[in-house]
>>> print(open('work.cif').read())   # mmCIF, N, CA and C atoms
data_final
loop_
_atom_site.label_atom_id
_atom_site.label_comp_id
_atom_site.auth_asym_id
_atom_site.auth_seq_id
_atom_site.Cartn_x
_atom_site.Cartn_y
_atom_site.Cartn_z
N MET A 1 9.39 -4.76 -10.35
CA MET A 1 8.94 -3.42 -10.63
C MET A 1 7.44 -3.42 -10.89
N VAL A 2 6.75 -2.44 -10.42
CA VAL A 2 5.31 -2.36 -10.58
C VAL A 2 4.98 -1.75 -11.94
N ASP A 3 4.03 -2.36 -12.65
CA ASP A 3 3.56 -1.82 -13.92
C ASP A 3 2.77 -0.55 -13.62
N GLU A 4 3.24 0.57 -14.13
CA GLU A 4 2.60 1.87 -13.86
C GLU A 4 1.12 1.87 -14.25
N ASP A 5 0.76 1.19 -15.33
CA ASP A 5 -0.63 1.18 -15.76
C ASP A 5 -1.52 0.41 -14.78
N LEU A 6 -1.00 -0.66 -14.20
CA LEU A 6 -1.81 -1.46 -13.29
C LEU A 6 -2.05 -0.75 -11.96
N LEU A 7 -1.18 0.13 -11.57
CA LEU A 7 -1.35 0.84 -10.30
C LEU A 7 -1.74 2.30 -10.49
N ALA A 8 -2.47 2.58 -11.53
CA ALA A 8 -2.86 3.96 -11.80
C ALA A 8 -3.64 4.55 -10.64
N GLU A 9 -4.42 3.74 -9.93
CA GLU A 9 -5.24 4.24 -8.82
C GLU A 9 -4.44 4.50 -7.55
N ARG A 10 -3.19 4.12 -7.49
CA ARG A 10 -2.47 4.23 -6.23
C ARG A 10 -2.30 5.67 -5.77
N TYR A 11 -2.52 6.63 -6.62
CA TYR A 11 -2.50 8.03 -6.21
C TYR A 11 -3.45 8.24 -5.02
N TYR A 12 -4.54 7.53 -5.00
CA TYR A 12 -5.55 7.73 -3.96
C TYR A 12 -5.07 7.37 -2.57
N ALA A 13 -4.02 6.60 -2.47
CA ALA A 13 -3.47 6.29 -1.15
C ALA A 13 -2.64 7.46 -0.63
N GLY A 14 -2.46 8.48 -1.44
CA GLY A 14 -1.83 9.71 -0.99
C GLY A 14 -0.33 9.66 -0.85
N ILE A 15 0.19 10.59 -0.06
CA ILE A 15 1.63 10.76 0.03
C ILE A 15 2.32 9.61 0.73
N LYS A 16 1.57 8.77 1.40
CA LYS A 16 2.18 7.64 2.09
C LYS A 16 2.03 6.35 1.29
N THR A 17 1.81 6.47 -0.01
CA THR A 17 1.63 5.30 -0.87
C THR A 17 2.82 4.36 -0.76
N HIS A 18 4.04 4.91 -0.75
CA HIS A 18 5.20 4.03 -0.68
C HIS A 18 5.21 3.21 0.61
N LEU A 19 4.63 3.75 1.69
CA LEU A 19 4.54 2.99 2.94
C LEU A 19 3.58 1.81 2.79
N CYS A 20 2.46 2.06 2.12
CA CYS A 20 1.48 0.99 1.91
C CYS A 20 2.06 -0.08 1.00
N VAL A 21 2.70 0.34 -0.08
CA VAL A 21 3.31 -0.62 -1.00
C VAL A 21 4.41 -1.39 -0.28
N GLY A 22 5.22 -0.69 0.48
CA GLY A 22 6.28 -1.35 1.24
C GLY A 22 5.73 -2.35 2.24
N ALA A 23 4.64 -1.98 2.92
CA ALA A 23 4.03 -2.89 3.89
C ALA A 23 3.45 -4.12 3.20
N LEU A 24 2.80 -3.91 2.06
CA LEU A 24 2.25 -5.04 1.31
C LEU A 24 3.35 -5.97 0.79
N ARG A 25 4.42 -5.38 0.30
CA ARG A 25 5.54 -6.20 -0.16
C ARG A 25 6.18 -6.95 1.00
N SER A 26 6.32 -6.30 2.12
CA SER A 26 6.87 -6.96 3.30
C SER A 26 5.97 -8.09 3.76
N PHE A 27 4.66 -7.86 3.69
CA PHE A 27 3.70 -8.91 4.03
C PHE A 27 3.89 -10.10 3.11
N LYS A 28 4.04 -9.81 1.82
CA LYS A 28 4.24 -10.88 0.84
C LYS A 28 5.51 -11.67 1.13
N LEU A 29 6.53 -10.99 1.59
CA LEU A 29 7.81 -11.64 1.87
C LEU A 29 7.84 -12.31 3.25
N GLY A 30 6.75 -12.18 4.02
CA GLY A 30 6.65 -12.86 5.31
C GLY A 30 7.18 -12.08 6.50
N TYR A 31 7.39 -10.78 6.36
CA TYR A 31 7.96 -9.99 7.45
C TYR A 31 7.02 -9.82 8.64
N PHE A 32 5.73 -10.06 8.48
CA PHE A 32 4.78 -9.83 9.56
C PHE A 32 4.42 -11.10 10.32
N LYS A 33 5.08 -12.21 10.02
CA LYS A 33 4.79 -13.45 10.74
C LYS A 33 5.12 -13.24 12.22
N GLY A 34 4.25 -13.71 13.08
CA GLY A 34 4.47 -13.57 14.51
C GLY A 34 3.97 -12.26 15.09
N GLN A 35 3.38 -11.41 14.26
CA GLN A 35 2.86 -10.13 14.76
C GLN A 35 1.34 -10.08 14.73
N ASN A 36 0.72 -11.25 14.59
CA ASN A 36 -0.74 -11.35 14.54
C ASN A 36 -1.34 -10.60 13.35
N ILE A 37 -0.57 -10.49 12.27
CA ILE A 37 -1.04 -9.92 11.01
C ILE A 37 -0.99 -11.05 10.00
N ASN A 38 -2.16 -11.66 9.79
CA ASN A 38 -2.22 -12.89 9.01
C ASN A 38 -2.83 -12.71 7.63
N ASN A 39 -3.48 -11.58 7.39
CA ASN A 39 -4.10 -11.34 6.08
C ASN A 39 -4.11 -9.84 5.78
N ILE A 40 -4.60 -9.51 4.61
CA ILE A 40 -4.58 -8.10 4.18
C ILE A 40 -5.48 -7.23 5.06
N SER A 41 -6.57 -7.79 5.54
CA SER A 41 -7.44 -7.02 6.43
C SER A 41 -6.72 -6.66 7.73
N ASP A 42 -5.99 -7.62 8.29
CA ASP A 42 -5.20 -7.34 9.50
C ASP A 42 -4.16 -6.26 9.23
N LEU A 43 -3.49 -6.37 8.09
CA LEU A 43 -2.47 -5.38 7.73
C LEU A 43 -3.10 -4.01 7.53
N GLY A 44 -4.26 -3.99 6.86
CA GLY A 44 -4.96 -2.72 6.64
C GLY A 44 -5.35 -2.04 7.94
N MET A 45 -5.84 -2.81 8.90
CA MET A 45 -6.20 -2.23 10.20
C MET A 45 -4.97 -1.70 10.92
N HIS A 46 -3.86 -2.43 10.82
CA HIS A 46 -2.61 -1.98 11.43
C HIS A 46 -2.16 -0.64 10.81
N LEU A 47 -2.19 -0.56 9.50
CA LEU A 47 -1.78 0.67 8.83
C LEU A 47 -2.74 1.82 9.13
N TYR A 48 -4.02 1.52 9.16
CA TYR A 48 -5.02 2.55 9.44
C TYR A 48 -4.83 3.13 10.83
N LYS A 49 -4.63 2.25 11.81
CA LYS A 49 -4.42 2.71 13.19
C LYS A 49 -3.12 3.48 13.33
N SER A 50 -2.16 3.21 12.44
CA SER A 50 -0.87 3.92 12.48
C SER A 50 -0.95 5.30 11.83
N GLY A 51 -2.09 5.61 11.22
CA GLY A 51 -2.25 6.91 10.57
C GLY A 51 -1.70 6.95 9.16
N ASP A 52 -1.52 5.79 8.53
CA ASP A 52 -0.96 5.74 7.19
C ASP A 52 -2.03 5.72 6.09
N ALA A 53 -3.27 6.00 6.44
CA ALA A 53 -4.36 6.02 5.46
C ALA A 53 -4.67 7.46 5.08
N ILE A 54 -3.71 8.12 4.49
CA ILE A 54 -3.84 9.53 4.16
C ILE A 54 -4.08 9.69 2.66
N LYS A 55 -5.06 10.54 2.32
CA LYS A 55 -5.35 10.86 0.93
C LYS A 55 -5.07 12.35 0.73
N HIS A 56 -4.36 12.65 -0.33
CA HIS A 56 -4.03 14.05 -0.63
C HIS A 56 -5.10 14.61 -1.57
N GLU A 57 -5.85 15.59 -1.09
CA GLU A 57 -6.90 16.21 -1.88
C GLU A 57 -6.87 17.72 -1.70
N LYS A 58 -6.93 18.42 -2.80
CA LYS A 58 -7.02 19.88 -2.78
C LYS A 58 -5.97 20.52 -1.87
N GLY A 59 -4.75 19.99 -1.94
CA GLY A 59 -3.65 20.56 -1.18
C GLY A 59 -3.61 20.16 0.28
N GLN A 60 -4.48 19.25 0.70
CA GLN A 60 -4.51 18.83 2.10
C GLN A 60 -4.40 17.33 2.20
N ASP A 61 -3.86 16.86 3.30
CA ASP A 61 -3.81 15.44 3.60
C ASP A 61 -4.93 15.12 4.58
N ASN A 62 -5.80 14.21 4.18
CA ASN A 62 -6.94 13.85 5.01
C ASN A 62 -6.94 12.35 5.27
N LEU A 63 -7.36 11.96 6.47
CA LEU A 63 -7.48 10.55 6.79
C LEU A 63 -8.63 9.96 5.98
N MET A 64 -8.37 8.85 5.32
CA MET A 64 -9.40 8.19 4.50
C MET A 64 -10.36 7.42 5.40
N GLU A 65 -11.55 7.16 4.88
CA GLU A 65 -12.48 6.25 5.55
C GLU A 65 -11.85 4.86 5.51
N ILE A 66 -12.09 4.06 6.51
CA ILE A 66 -11.49 2.73 6.58
C ILE A 66 -11.89 1.88 5.37
N SER A 67 -13.15 1.96 4.94
CA SER A 67 -13.59 1.15 3.80
C SER A 67 -12.89 1.58 2.52
N SER A 68 -12.70 2.87 2.32
CA SER A 68 -11.99 3.36 1.13
C SER A 68 -10.52 2.94 1.17
N PHE A 69 -9.93 3.05 2.34
CA PHE A 69 -8.52 2.66 2.47
C PHE A 69 -8.33 1.18 2.17
N MET A 70 -9.23 0.34 2.72
CA MET A 70 -9.12 -1.10 2.49
C MET A 70 -9.31 -1.43 1.01
N THR A 71 -10.19 -0.72 0.33
CA THR A 71 -10.39 -0.93 -1.10
C THR A 71 -9.12 -0.61 -1.86
N GLU A 72 -8.51 0.53 -1.55
CA GLU A 72 -7.28 0.93 -2.23
C GLU A 72 -6.14 -0.04 -1.92
N LEU A 73 -6.06 -0.48 -0.68
CA LEU A 73 -5.03 -1.43 -0.29
C LEU A 73 -5.18 -2.74 -1.06
N ARG A 74 -6.41 -3.19 -1.22
CA ARG A 74 -6.65 -4.44 -1.96
C ARG A 74 -6.33 -4.28 -3.44
N LYS A 75 -6.55 -3.09 -4.00
CA LYS A 75 -6.17 -2.84 -5.40
C LYS A 75 -4.65 -2.95 -5.55
N MET A 76 -3.93 -2.35 -4.62
CA MET A 76 -2.46 -2.44 -4.67
C MET A 76 -2.00 -3.88 -4.47
N TRP A 77 -2.65 -4.59 -3.55
CA TRP A 77 -2.28 -5.97 -3.26
C TRP A 77 -2.47 -6.86 -4.49
N ALA A 78 -3.52 -6.60 -5.27
CA ALA A 78 -3.77 -7.40 -6.47
C ALA A 78 -2.60 -7.33 -7.44
N VAL A 79 -1.95 -6.18 -7.51
CA VAL A 79 -0.80 -6.01 -8.39
C VAL A 79 0.46 -6.57 -7.74
N ILE A 80 0.64 -6.28 -6.47
CA ILE A 80 1.85 -6.71 -5.76
C ILE A 80 1.95 -8.23 -5.71
N GLN A 81 0.81 -8.90 -5.64
CA GLN A 81 0.82 -10.37 -5.64
C GLN A 81 1.49 -10.91 -6.90
N LYS A 82 1.44 -10.16 -8.00
CA LYS A 82 2.01 -10.61 -9.27
C LYS A 82 3.47 -10.25 -9.43
N GLU A 83 4.01 -9.42 -8.52
CA GLU A 83 5.41 -9.02 -8.62
C GLU A 83 6.35 -10.18 -8.35
N ASP A 84 7.48 -10.15 -9.00
CA ASP A 84 8.53 -11.13 -8.78
C ASP A 84 9.20 -10.80 -7.45
N THR A 85 9.15 -11.71 -6.49
CA THR A 85 9.67 -11.42 -5.15
C THR A 85 11.19 -11.25 -5.13
N GLU A 86 11.88 -11.74 -6.13
CA GLU A 86 13.33 -11.59 -6.17
C GLU A 86 13.76 -10.15 -6.43
N HIS A 87 12.93 -9.40 -7.12
CA HIS A 87 13.34 -8.08 -7.59
C HIS A 87 12.50 -6.93 -7.05
N ILE A 88 11.82 -7.13 -5.94
CA ILE A 88 11.01 -6.03 -5.42
C ILE A 88 11.76 -5.30 -4.31
N ASP A 89 11.49 -4.02 -4.21
CA ASP A 89 12.03 -3.21 -3.13
C ASP A 89 11.05 -3.32 -1.96
N PRO A 90 11.39 -4.01 -0.89
CA PRO A 90 10.43 -4.20 0.19
C PRO A 90 10.04 -2.91 0.90
N TYR A 91 10.75 -1.83 0.65
CA TYR A 91 10.42 -0.57 1.30
C TYR A 91 9.48 0.29 0.47
N GLY A 92 9.28 -0.02 -0.80
CA GLY A 92 8.35 0.71 -1.64
C GLY A 92 8.87 2.01 -2.19
N TYR A 93 10.15 2.27 -2.05
CA TYR A 93 10.68 3.56 -2.52
C TYR A 93 10.83 3.65 -4.04
N ASP A 94 10.64 2.54 -4.73
CA ASP A 94 10.69 2.59 -6.19
C ASP A 94 9.35 3.01 -6.79
N VAL A 95 8.36 3.25 -5.95
CA VAL A 95 7.04 3.64 -6.42
C VAL A 95 7.00 5.15 -6.58
N THR A 96 6.50 5.59 -7.73
CA THR A 96 6.32 7.03 -7.93
C THR A 96 4.84 7.35 -7.78
N ILE A 97 4.56 8.51 -7.24
CA ILE A 97 3.18 8.92 -7.02
C ILE A 97 2.74 9.76 -8.21
N ASN A 98 1.63 9.38 -8.80
CA ASN A 98 1.07 10.12 -9.94
C ASN A 98 0.19 11.24 -9.42
N HIS A 99 0.57 12.47 -9.70
CA HIS A 99 -0.24 13.62 -9.25
C HIS A 99 -1.04 14.17 -10.39
#
>>> encode(input="work.cif", output="structure tokens")
Amino acid sequence: MVDEDLLAERYYAGIKTHLCVGALRSFKLGYFKGQNINNISDLGMHLYKSGDAIKHEKGQDNLMEISSFMTELRKMWAVIQKEDTEHIDPYGYDVTINH
């Protein structure tokens, strides 16, 4: 389970935060082996190109700048690296979005 205090910034990843968390958890569990995604930067580019870098602002969903998205992804990764792999939801649906 993710410590809510440690991921306070995850709101900035917007409505698709659970997808980013799920992708990071899947990366941690080795699900991306063989897909040429070898590090967080590769994963970030994959997610960005997929349109999953959405930030919810003022009632609208806007595509984030790549640098901002990578920063937010690395913040989430710093916490996910500390999660116990036995008890994580690889899909990220246990994550709540702080509005």
>>> closest_residue(input="work.cif", among="A:Leu19, A:Ile66, A:Leu29, A:Met45", to="Gln81 (chain A)", atoms="only C-alpha atoms")
A:Leu29
>>> atom_distance(input="work.cif", atom1="atom C of Glu72 (chain A)", atom2="atom C of Asp84 (chain A)")
19.5 Å
>>> atom_distance(input="work.cif", atom1="atom C of Lys28 (chain A)", atom2="atom N of Thr71 (chain A)")
19.2 Å
>>> closest_residue(input="work.cif", among="A:Ser67, A:Gln60, A:Ser50, A:Asn39", to="Leu24 (chain A)", atoms="only C-alpha atoms")
A:Asn39
>>> residues_near_point(input="work.cif", point="(-4.6, 12.1, 6.8)", cutoff="7 Å", atoms="all atoms listed in the file", output="PyMOL selection string")
chain A and resi 51-55+60-64
>>> atom_distance(input="work.cif", atom1="CA of Met70 (chain A)", atom2="CA of Asn36 (chain A)")
17.9 Å
